[in-house]
file model.cif (mmCIF, C-alpha atoms)
data_coords
#
loop_
_atom_site.label_atom_id
_atom_site.label_comp_id
_atom_site.auth_asym_id
_atom_site.auth_seq_id
_atom_site.Cartn_x
_atom_site.Cartn_y
_atom_site.Cartn_z
CA THR A 1 -10.92 -41.52 165.63
CA HIS A 2 -9.15 -41.40 168.99
CA ASP A 3 -7.41 -44.33 170.65
CA ASN A 4 -7.53 -44.12 174.42
CA THR A 5 -4.46 -46.38 174.71
CA LYS A 6 -2.07 -43.69 173.42
CA PRO A 7 -2.16 -39.93 172.68
CA THR A 8 -3.69 -38.80 169.42
CA VAL A 9 -1.50 -36.16 167.77
CA LEU A 10 -3.34 -33.14 166.26
CA SER A 11 -2.17 -29.92 164.62
CA ASP A 12 -5.49 -28.02 164.90
CA PRO A 13 -6.32 -26.81 168.44
CA ASP A 14 -10.09 -26.57 167.82
CA GLY A 15 -12.43 -29.50 167.29
CA VAL A 16 -14.95 -31.93 168.78
CA LEU A 17 -14.17 -35.19 170.59
CA LYS A 18 -16.89 -37.77 169.92
CA VAL A 19 -17.28 -40.67 172.35
CA GLU A 20 -19.69 -43.57 171.81
CA ILE A 21 -20.84 -45.38 174.98
CA SER A 22 -22.52 -48.80 175.07
CA THR A 23 -23.47 -50.71 178.26
CA PHE A 24 -25.45 -53.82 179.33
CA SER A 25 -27.55 -51.94 181.88
CA PRO A 26 -29.06 -48.42 181.92
CA ILE A 27 -26.66 -45.49 182.43
CA VAL A 28 -27.44 -43.49 185.57
CA GLU A 29 -24.50 -41.06 185.68
CA MET A 30 -21.94 -39.62 183.22
CA SER A 31 -19.28 -36.89 183.42
CA VAL A 32 -16.37 -35.48 181.41
CA ASN A 33 -13.47 -34.08 183.46
CA GLY A 34 -15.81 -33.89 186.43
CA LYS A 35 -18.54 -32.01 184.54
CA PRO A 36 -21.90 -33.94 184.65
CA GLU A 37 -23.54 -35.02 181.38
CA PRO A 38 -27.23 -36.08 181.00
CA PRO A 39 -27.32 -39.90 181.52
CA GLU A 40 -30.47 -40.43 179.35
CA ASN A 41 -31.23 -43.70 181.27
CA ALA A 42 -30.34 -45.83 178.26
CA THR A 43 -27.74 -48.43 177.41
CA ARG A 44 -26.28 -46.35 174.60
CA SER A 45 -25.17 -42.73 174.56
CA SER A 46 -23.08 -40.40 172.41
CA LEU A 47 -20.98 -37.51 173.72
CA GLU A 48 -19.74 -34.61 171.63
CA ILE A 49 -17.12 -32.64 173.55
CA PRO A 50 -15.93 -29.33 171.98
CA TYR A 51 -12.30 -28.56 172.76
CA ASN A 52 -9.64 -25.88 172.40
CA LEU A 53 -6.33 -27.61 172.96
CA LYS A 54 -3.23 -26.20 174.61
CA ASP A 55 0.28 -27.12 173.48
CA GLY A 56 1.22 -30.67 174.49
CA ASP A 57 -1.04 -33.34 176.01
CA ASN A 58 -4.70 -32.59 176.83
CA THR A 59 -6.53 -35.24 178.90
CA PHE A 60 -10.29 -35.93 178.78
CA SER A 61 -11.52 -38.19 181.58
CA VAL A 62 -14.89 -39.85 180.79
CA TYR A 63 -16.78 -41.42 183.72
CA VAL A 64 -19.79 -43.72 183.23
CA LYS A 65 -21.90 -45.32 185.98
CA THR A 66 -24.66 -47.86 185.35
CA GLU A 67 -27.05 -49.65 187.72
CA VAL A 68 -24.51 -52.45 188.26
CA MET A 69 -21.01 -51.02 187.57
CA GLU A 70 -18.91 -47.92 186.91
CA GLU A 71 -15.92 -47.24 184.67
CA ARG A 72 -13.57 -44.36 183.81
CA LYS A 73 -11.47 -43.97 180.64
CA GLU A 74 -9.03 -41.26 179.62
CA PHE A 75 -8.51 -39.91 176.11
CA VAL A 76 -5.35 -37.89 175.43
CA LEU A 77 -5.18 -35.41 172.54
CA SER A 78 -1.70 -33.99 171.91
CA LEU A 79 -1.41 -30.66 170.10
CA VAL A 80 1.74 -30.27 168.03
CA VAL A 81 1.99 -26.91 166.26
CA GLU A 82 4.29 -26.78 163.28
CA ASP A 83 7.20 -24.46 164.00
CA GLU A 84 7.78 -22.61 160.74
CA THR A 85 10.81 -20.88 162.20
CA ALA A 86 12.39 -24.20 163.10
CA GLU A 87 11.79 -25.47 159.57
CA LYS A 88 13.58 -22.45 158.18
CA ASP A 89 16.45 -22.86 160.63
CA GLU A 90 17.00 -26.39 159.33
CA LYS A 91 18.00 -24.96 155.96
CA PRO A 92 21.79 -24.56 155.71
CA PHE A 93 21.47 -20.99 154.41
CA GLY A 94 19.19 -18.29 155.71
CA LEU A 95 18.79 -14.57 155.16
CA VAL A 96 16.88 -11.95 157.11
CA SER A 97 16.25 -8.75 155.13
CA LEU A 98 14.92 -5.58 156.76
CA LEU A 99 13.90 -2.27 155.19
CA SER A 100 12.90 0.54 157.55
CA VAL A 101 11.77 4.16 157.65
CA THR A 102 12.29 6.07 160.90
CA SER A 103 11.05 9.47 162.00
CA THR A 104 13.05 11.00 164.85
CA SER A 105 12.28 14.11 166.89
CA ASN A 106 15.96 14.77 167.70
CA ALA A 107 18.25 13.75 164.84
CA ARG A 108 21.50 14.71 166.61
CA ASN A 109 20.46 13.65 170.12
CA ALA A 110 21.06 17.25 171.13
CA SER A 111 20.35 18.61 174.60
CA GLU A 112 18.86 21.78 173.07
CA ASN A 113 17.80 23.15 169.67
CA GLU A 114 16.33 19.77 168.74
CA LYS A 115 15.62 19.20 165.05
CA ALA A 116 13.49 16.42 163.58
CA ASP A 117 14.37 14.33 160.54
CA SER A 118 13.66 10.99 158.92
CA LYS A 119 16.05 8.24 157.84
CA TYR A 120 15.94 5.07 155.81
CA GLY A 121 17.70 1.86 156.69
CA ILE A 122 18.56 -1.50 155.22
CA THR A 123 19.85 -4.49 157.18
CA LEU A 124 20.91 -7.88 155.85
CA ILE A 125 21.61 -10.79 158.22
CA PRO A 126 22.86 -13.89 156.37
CA HIS A 127 23.76 -17.14 158.12
CA TYR A 128 25.07 -20.50 157.01
CA GLN A 129 25.05 -23.68 159.10
CA LEU A 130 27.37 -26.58 158.37
CA SER A 131 26.29 -29.58 160.47
CA PHE A 132 28.69 -32.45 161.09
CA ALA A 133 26.14 -34.21 163.29
CA LYS A 134 22.53 -33.47 164.20
CA GLU A 135 23.55 -31.64 167.39
CA GLU A 136 26.83 -29.93 166.45
CA GLY A 137 28.58 -28.09 163.66
CA LEU A 138 29.84 -24.76 162.35
CA GLU A 139 27.74 -21.64 162.00
CA PHE A 140 28.62 -18.48 160.08
CA ARG A 141 26.71 -15.24 160.53
CA GLY A 142 26.96 -11.68 159.30
CA ILE A 143 25.26 -8.29 159.61
CA LEU A 144 25.37 -5.50 157.05
CA MET A 145 23.56 -2.30 158.05
CA ARG A 146 23.34 1.09 156.33
CA GLU A 147 21.36 4.27 157.07
CA LYS A 148 20.51 7.37 155.04
CA HIS A 149 19.05 10.61 156.44
CA SER A 150 16.64 12.73 154.43
CA ASP A 151 18.55 15.90 155.36
CA SER A 152 22.16 15.87 154.13
CA ASP A 153 23.15 17.95 157.17
CA TYR A 154 22.85 14.79 159.26
CA THR A 155 25.13 12.57 157.21
CA ASP A 156 27.54 12.29 160.16
CA GLN A 157 24.72 10.58 162.08
CA GLU A 158 24.29 7.80 159.49
CA VAL A 159 25.43 4.47 160.86
CA ILE A 160 27.52 1.93 158.98
CA TYR A 161 27.80 -1.42 160.76
CA ASN A 162 29.40 -4.70 159.67
CA LEU A 163 29.70 -7.97 161.58
CA ILE A 164 31.13 -11.37 160.67
CA THR A 165 31.23 -14.36 163.05
CA ALA A 166 32.24 -17.99 162.75
CA GLY A 167 31.35 -20.36 165.57
CA TRP A 168 31.10 -23.94 166.74
CA TYR A 169 27.86 -25.03 168.39
CA SER A 170 26.94 -28.15 170.35
CA GLU A 171 23.51 -29.22 171.63
CA SER A 172 22.79 -32.08 174.01
CA THR A 173 20.18 -33.15 176.55
CA ASP A 174 22.16 -31.57 179.41
CA SER A 175 23.45 -28.37 177.81
CA ASP A 176 23.79 -26.17 174.74
CA TRP A 177 26.91 -24.12 174.07
CA LYS A 178 28.51 -22.06 171.34
CA VAL A 179 31.87 -20.37 170.82
CA ASN A 180 32.19 -17.57 168.25
CA LEU A 181 35.13 -15.71 166.74
CA GLY A 182 34.17 -12.44 165.15
CA TRP A 183 35.01 -9.05 163.63
CA GLU A 184 32.82 -5.97 163.79
CA ASP A 185 33.13 -2.50 162.37
CA PHE A 186 31.18 0.64 163.26
CA GLY A 187 31.42 4.02 161.58
CA THR A 188 29.76 6.82 159.64
CA GLU A 189 29.93 7.96 156.02
CA GLN A 190 30.95 11.51 155.13
CA SER A 191 28.67 13.62 152.94
CA GLY A 192 29.78 13.75 149.31
CA ALA A 193 32.68 11.39 149.91
CA SER A 194 33.24 7.78 148.93
CA TYR A 195 35.05 6.83 152.12
CA GLU A 196 34.03 5.93 155.64
CA THR A 197 35.00 7.47 158.97
CA LYS A 198 35.75 4.48 161.18
CA THR A 199 34.60 4.94 164.73
CA GLU A 200 35.48 1.51 166.10
CA THR A 201 36.74 -1.83 164.84
CA SER A 202 37.16 -4.90 167.02
CA MET A 203 38.09 -8.58 166.98
CA PHE A 204 36.37 -10.71 169.60
CA VAL A 205 35.74 -14.15 171.05
CA GLU A 206 32.30 -14.93 172.49
CA GLY A 207 30.79 -17.85 174.38
CA LEU A 208 27.16 -18.84 175.08
CA LEU A 209 26.01 -21.53 177.52
CA SER A 210 22.65 -22.85 178.72
CA LEU A 211 22.05 -25.83 181.05
CA ALA A 212 19.04 -28.13 181.35
CA ALA A 213 19.46 -28.05 185.13
CA LEU A 214 18.94 -24.25 185.16
CA LEU A 215 15.41 -23.35 184.03
CA ASP A 216 15.43 -26.05 181.34
CA LYS A 217 18.00 -24.21 179.16
CA ASN A 218 16.05 -20.96 179.33
CA LEU A 219 18.82 -19.21 181.27
CA ILE A 220 21.59 -18.32 178.82
CA PHE A 221 25.01 -17.12 180.00
CA ARG A 222 27.17 -14.97 177.73
CA GLY A 223 30.79 -13.88 177.85
CA LYS A 224 32.67 -11.76 175.31
CA TYR A 225 36.20 -10.36 175.12
CA ALA A 226 37.11 -7.87 172.40
CA LEU A 227 40.26 -6.08 171.25
CA VAL A 228 39.08 -2.60 170.31
CA ASP A 229 40.68 -0.25 167.78
CA GLN A 230 39.16 3.24 167.83
CA THR A 231 40.19 5.33 164.86
CA ASP A 232 38.93 8.72 166.00
CA GLU A 233 41.55 11.47 166.03
CA ILE A 234 42.95 11.97 169.54
CA THR A 235 44.43 15.07 171.14
CA SER A 236 46.81 13.05 173.32
CA ASP A 237 47.59 9.46 174.35
CA GLU A 238 45.41 9.97 177.42
CA TYR A 239 42.36 9.91 175.09
CA ASP A 240 43.41 6.78 173.16
CA GLY A 241 40.35 4.49 173.03
CA ASP A 242 42.25 1.39 171.88
CA GLY A 243 42.24 -1.46 174.39
CA GLY A 244 40.32 -4.46 175.66
CA SER A 245 36.66 -4.96 176.57
CA LEU A 246 35.18 -7.75 178.74
CA LEU A 247 31.43 -8.37 178.83
CA LEU A 248 29.56 -10.80 181.10
CA GLY A 249 25.82 -11.28 180.97
CA ALA A 250 22.82 -13.55 181.29
CA ARG A 251 19.38 -13.73 179.67
CA TRP A 252 16.30 -15.55 180.95
CA ARG A 253 13.75 -16.58 178.34
CA LEU A 254 10.11 -16.90 179.37
CA LEU A 255 7.86 -18.99 177.12
CA SER A 256 4.27 -19.50 178.19
CA GLY A 257 1.72 -20.23 175.48
CA ASP A 258 1.13 -17.07 173.44
CA ILE A 259 3.36 -14.99 175.74
CA LYS A 260 7.10 -14.70 175.17
CA GLY A 261 9.46 -12.62 177.23
CA SER A 262 13.03 -12.17 178.34
CA LEU A 263 15.00 -10.53 181.12
CA LYS A 264 18.67 -9.75 180.58
CA GLY A 265 21.52 -8.17 182.48
CA GLU A 266 25.06 -7.28 181.37
CA ILE A 267 28.18 -5.69 182.80
CA GLU A 268 31.05 -4.54 180.63
CA SER A 269 34.49 -3.21 181.52
CA ASN A 270 36.57 -1.27 178.98
CA ASP A 271 40.30 -1.03 179.71
CA SER A 272 41.66 1.52 177.24
CA LYS A 273 45.19 2.81 176.66
CA GLY A 274 44.06 6.33 177.48
CA LYS A 275 43.06 6.82 181.10
CA TYR A 276 40.20 9.14 180.20
CA LYS A 277 38.62 6.43 178.04
CA ASP A 278 38.41 3.75 180.75
CA HIS A 279 34.76 3.11 181.57
CA SER A 280 32.24 0.47 182.62
CA THR A 281 28.63 -0.12 181.67
CA PHE A 282 25.71 -1.82 183.36
CA LEU A 283 22.63 -2.84 181.37
CA LEU A 284 19.30 -4.27 182.49
CA GLY A 285 16.44 -4.96 180.08
CA VAL A 286 13.06 -6.67 179.96
CA SER A 287 10.87 -7.42 176.94
CA ALA A 288 7.61 -9.25 176.27
CA SER A 289 5.31 -10.06 173.36
CA TYR A 290 1.83 -11.51 173.06
CA ALA A 291 0.38 -13.30 170.02
CA ILE A 292 -3.16 -11.96 169.66
CA GLN A 293 -3.55 -14.12 166.58
CA LYS A 294 -1.25 -16.56 164.82
CA ASN A 295 0.03 -13.83 162.48
CA PHE A 296 -0.37 -10.76 164.72
CA ASN A 297 1.53 -9.90 167.89
CA VAL A 298 2.17 -6.91 170.12
CA GLY A 299 4.98 -6.29 172.54
CA GLY A 300 7.11 -3.87 174.45
CA SER A 301 10.51 -3.45 176.06
CA LEU A 302 12.23 -1.44 178.76
CA GLN A 303 16.01 -1.02 178.98
CA TYR A 304 18.27 0.85 181.40
CA LYS A 305 21.97 1.45 180.69
CA GLN A 306 24.46 3.22 182.91
CA THR A 307 27.92 4.29 181.75
CA THR A 308 30.56 5.36 184.26
CA TYR A 309 34.04 6.70 183.51
CA GLY A 310 36.85 6.18 185.97
CA GLN A 311 38.79 9.45 185.69
CA ASN A 312 37.95 13.12 185.94
CA ASP A 313 38.17 14.32 182.34
CA PRO A 314 39.46 17.92 182.05
CA LEU A 315 37.57 18.34 178.75
CA LYS A 316 34.29 17.29 180.39
CA GLY A 317 34.98 18.88 183.76
CA ASP A 318 34.20 15.70 185.70
CA ALA A 319 34.19 11.90 185.54
CA GLU A 320 31.18 11.20 183.33
CA SER A 321 28.26 9.20 184.72
CA SER A 322 25.34 8.83 182.28
CA GLN A 323 22.08 6.92 182.30
CA LEU A 324 20.02 5.99 179.24
CA MET A 325 16.42 4.80 179.56
CA THR A 326 14.72 3.31 176.48
CA ILE A 327 11.04 2.38 176.29
CA SER A 328 9.50 0.75 173.20
CA LEU A 329 6.07 -0.47 172.11
CA ASN A 330 5.75 -2.53 168.95
CA ALA A 331 3.40 -4.60 166.81
CA GLY A 332 3.98 -7.03 163.97
CA TYR A 333 1.73 -8.56 161.33
CA GLN A 334 2.72 -11.43 159.02
CA LEU A 335 1.29 -11.32 155.52
CA ASN A 336 0.60 -14.38 153.40
CA ILE A 337 2.80 -13.11 150.57
CA LEU A 338 6.47 -13.50 149.64
CA GLY A 339 6.87 -16.42 151.99
CA GLY A 340 5.50 -14.56 155.01
CA LEU A 341 6.49 -10.88 154.78
CA ILE A 342 6.30 -9.21 158.20
CA LEU A 343 5.18 -5.60 158.68
CA HIS A 344 6.47 -4.16 161.94
CA GLY A 345 5.82 -0.87 163.73
CA ASP A 346 7.79 0.50 166.67
CA ILE A 347 7.43 3.56 168.90
CA THR A 348 10.50 4.31 171.03
CA GLN A 349 11.27 6.94 173.64
CA LYS A 350 14.88 7.54 174.74
CA GLN A 351 15.98 9.74 177.60
CA LYS A 352 19.60 10.24 178.63
CA THR A 353 20.67 11.96 181.81
CA SER A 354 24.24 12.87 182.72
CA ASN A 355 26.34 14.83 185.16
CA ILE A 356 28.04 16.50 182.17
CA ASP A 357 26.35 19.56 180.68
CA GLY A 358 25.21 19.02 177.10
CA PHE A 359 25.32 15.22 177.27
CA GLU A 360 21.66 14.75 178.21
CA TYR A 361 18.90 14.46 175.60
CA THR A 362 15.40 13.17 174.88
CA THR A 363 14.24 11.76 171.56
CA SER A 364 11.20 9.97 170.17
CA LEU A 365 11.37 7.59 167.22
CA PHE A 366 8.66 6.00 165.10
CA THR A 367 9.77 3.18 162.79
CA ILE A 368 7.95 1.15 160.15
CA SER A 369 9.77 -1.93 158.86
CA ALA A 370 9.27 -4.68 156.31
CA ILE A 371 11.01 -7.93 157.28
CA HIS A 372 11.53 -10.98 155.12
CA ILE A 373 12.95 -14.24 156.51
CA TYR A 374 14.31 -16.77 154.07
#
call {"tool": "encode", "arguments": {"input": "model.cif", "output": "structure tokens"}}
result
Amino acid sequence: THDNTKPTVLSDPDGVLKVEISTFSPIVEMSVNGKPEPPENATRSSLEIPYNLKDGDNTFSVYVKTEVMEERKEFVLSLVVEDETAEKDEKPFGLVSLLSVTSTSNARNASENEKADSKYGITLIPHYQLSFAKEEGLEFRGILMREKHSDSDYTDQEVIYNLITAGWYSESTDSDWKVNLGWEDFGTEQSGASYETKTETSMFVEGLLSLAALLDKNLIFRGKYALVDQTDEITSDEYDGDGGSLLLGARWRLLSGDIKGSLKGEIESNDSKGKYKDHSTFLLGVSASYAIQKNFNVGGSLQYKQTTYGQNDPLKGDAESSQLMTISLNAGYQLNILGGLILHGDITQKQKTSNIDGFEYTTSLFTISAIHIY
């Protein structure tokens, strides 16, 4: 039953709209959204209109003309698709768990004598949201990531990454913003040892802002300042990587039916204690995905990153300028088990070029992941 005085809310996009027509004089003309329907030259008629609704309001305009009068009525069917992700986000605690297996053609990212290997990874991303009002509150997030190579010769390539953030968020009709304080730690684990080699540890403050007046909150600005502590052994103070890092960026989200995409750009300036460690980076990336079915999607991404050092480094023979191009194709399928387990496949090609001999490389990676979102 559909009431033409107000929209009828539906959750299923496919169906049939049935309209019963009764008049005092014979019908001579009928149409639905401008498409003619057989009038049957009677005072009663029944229309069955198959539909495939789009998100939001869908209008059906029914026109009837008799020998003495004409009339037009509109029926509005509103499709509202349940957002399972939003339902999960409403829970105060959430956890994303990811198990992955990756095959790489160049385990050390070497410029020559490339050797293939495989590695296994586990990533846990917990978050807890403490709301003081519907639109604002505290949010705590973390990341714990570990890798293990099949060949023990590549233990120094195994990544250990930890992240903890605590932030205040606020959402309103005009704007959304968030401020985070965080700590992150990046390093590798030595073969046969129970300790870690710390590569970099940092404390940071980060801000995110989106405005309704700019692309309806789909343009997100980001700023981040970090105090960096690099624990690598240094030959002199001129190679001390400790210092400050400032990042400014923006990301544009594109949402159009079954297509989702984003375009992002970032610039980062690293002011280190050692003059040979001062450098800047520029990053530009684009990604897109398409939902072929409700539980199956495909996508791809392209990212360009340029790193430029400010001083001629006597160990490198020049001021380094490197470019890294990353291309990925991926697909994901959600199973109806374990609350929606997601199987994900990714093929990635990386190519780095540089003005420094031995710094360039090419590698291909194939990754299969199992993702669970609680």
call {"tool": "resolve_selection", "arguments": {"input": "model.cif", "expression": "the PyMOL selection byres ((chain A and resi 283) around 7)", "output": "PyMOL selection string"}}
result
chain A and resi 265-267+281-282+284-285+304-306
call {"tool": "residues_around", "arguments": {"input": "model.cif", "residues": "Leu77 in chain A", "least_positions_apart": "3", "cutoff": "12 Å", "atoms": "only C-alpha atoms", "output": "PyMOL selection string"}}
result
chain A and resi 1-17+51-61+74+80
call {"tool": "atom_distance", "arguments": {"input": "model.cif", "atom1": "CA of Ser105 in chain A", "atom2": "CA of Leu263 in chain A"}}
result
28.6 Å
call {"tool": "residues_around", "arguments": {"input": "model.cif", "residues": "range 122-133 of chain A", "least_positions_apart": "2", "cutoff": "9 Å", "atoms": "all atoms listed in the file", "output": "number ranges by chain"}}
result
A: 89-100, 120, 135-147
call {"tool": "residues_around", "arguments": {"input": "model.cif", "residues": "Asp229 in chain A", "least_positions_apart": "6", "cutoff": "7 Å", "atoms": "only C-alpha atoms", "output": "PyMOL selection string"}}
result
chain A and resi 200-202+242-243
call {"tool": "axis_aligned_box", "arguments": {"input": "model.cif", "around": "range 146-165 of chain A", "padding_each_side": "4 Å", "output": "JSON"}}
result
{"center_x": 23.9, "center_y": 1.8, "center_z": 158.6, "size_x": 22.6, "size_y": 40.3, "size_z": 16.9}
call {"tool": "resolve_selection", "arguments": {"input": "model.cif", "expression": "the PyMOL selection byres ((chain A and resi 353) around 9)", "output": "ChimeraX atom specification"}}
result
/A:321-325,351-352,354-356,359-362
call {"tool": "closest_residue", "arguments": {"input": "model.cif", "among": "A:Ala370, A:Asp313, A:Arg251, A:Leu246", "to": "Gln334 in chain A", "atoms": "only C-alpha atoms"}}
result
A:Ala370
call {"tool": "residues_near_point", "arguments": {"input": "model.cif", "point": "(40.9, 0.5, 172.2)", "cutoff": "10 Å", "atoms": "all atoms listed in the file", "output": "PyMOL selection string"}}
result
chain A and resi 200-202+226-231+239-245+270-274+277-278
call {"tool": "resolve_selection", "arguments": {"input": "model.cif", "expression": "the PyMOL selection byres ((chain A and resi 340) around 12)", "output": "ChimeraX atom specification"}}
result
/A:84-85,88,96,295-296,332-339,341-343,370-374
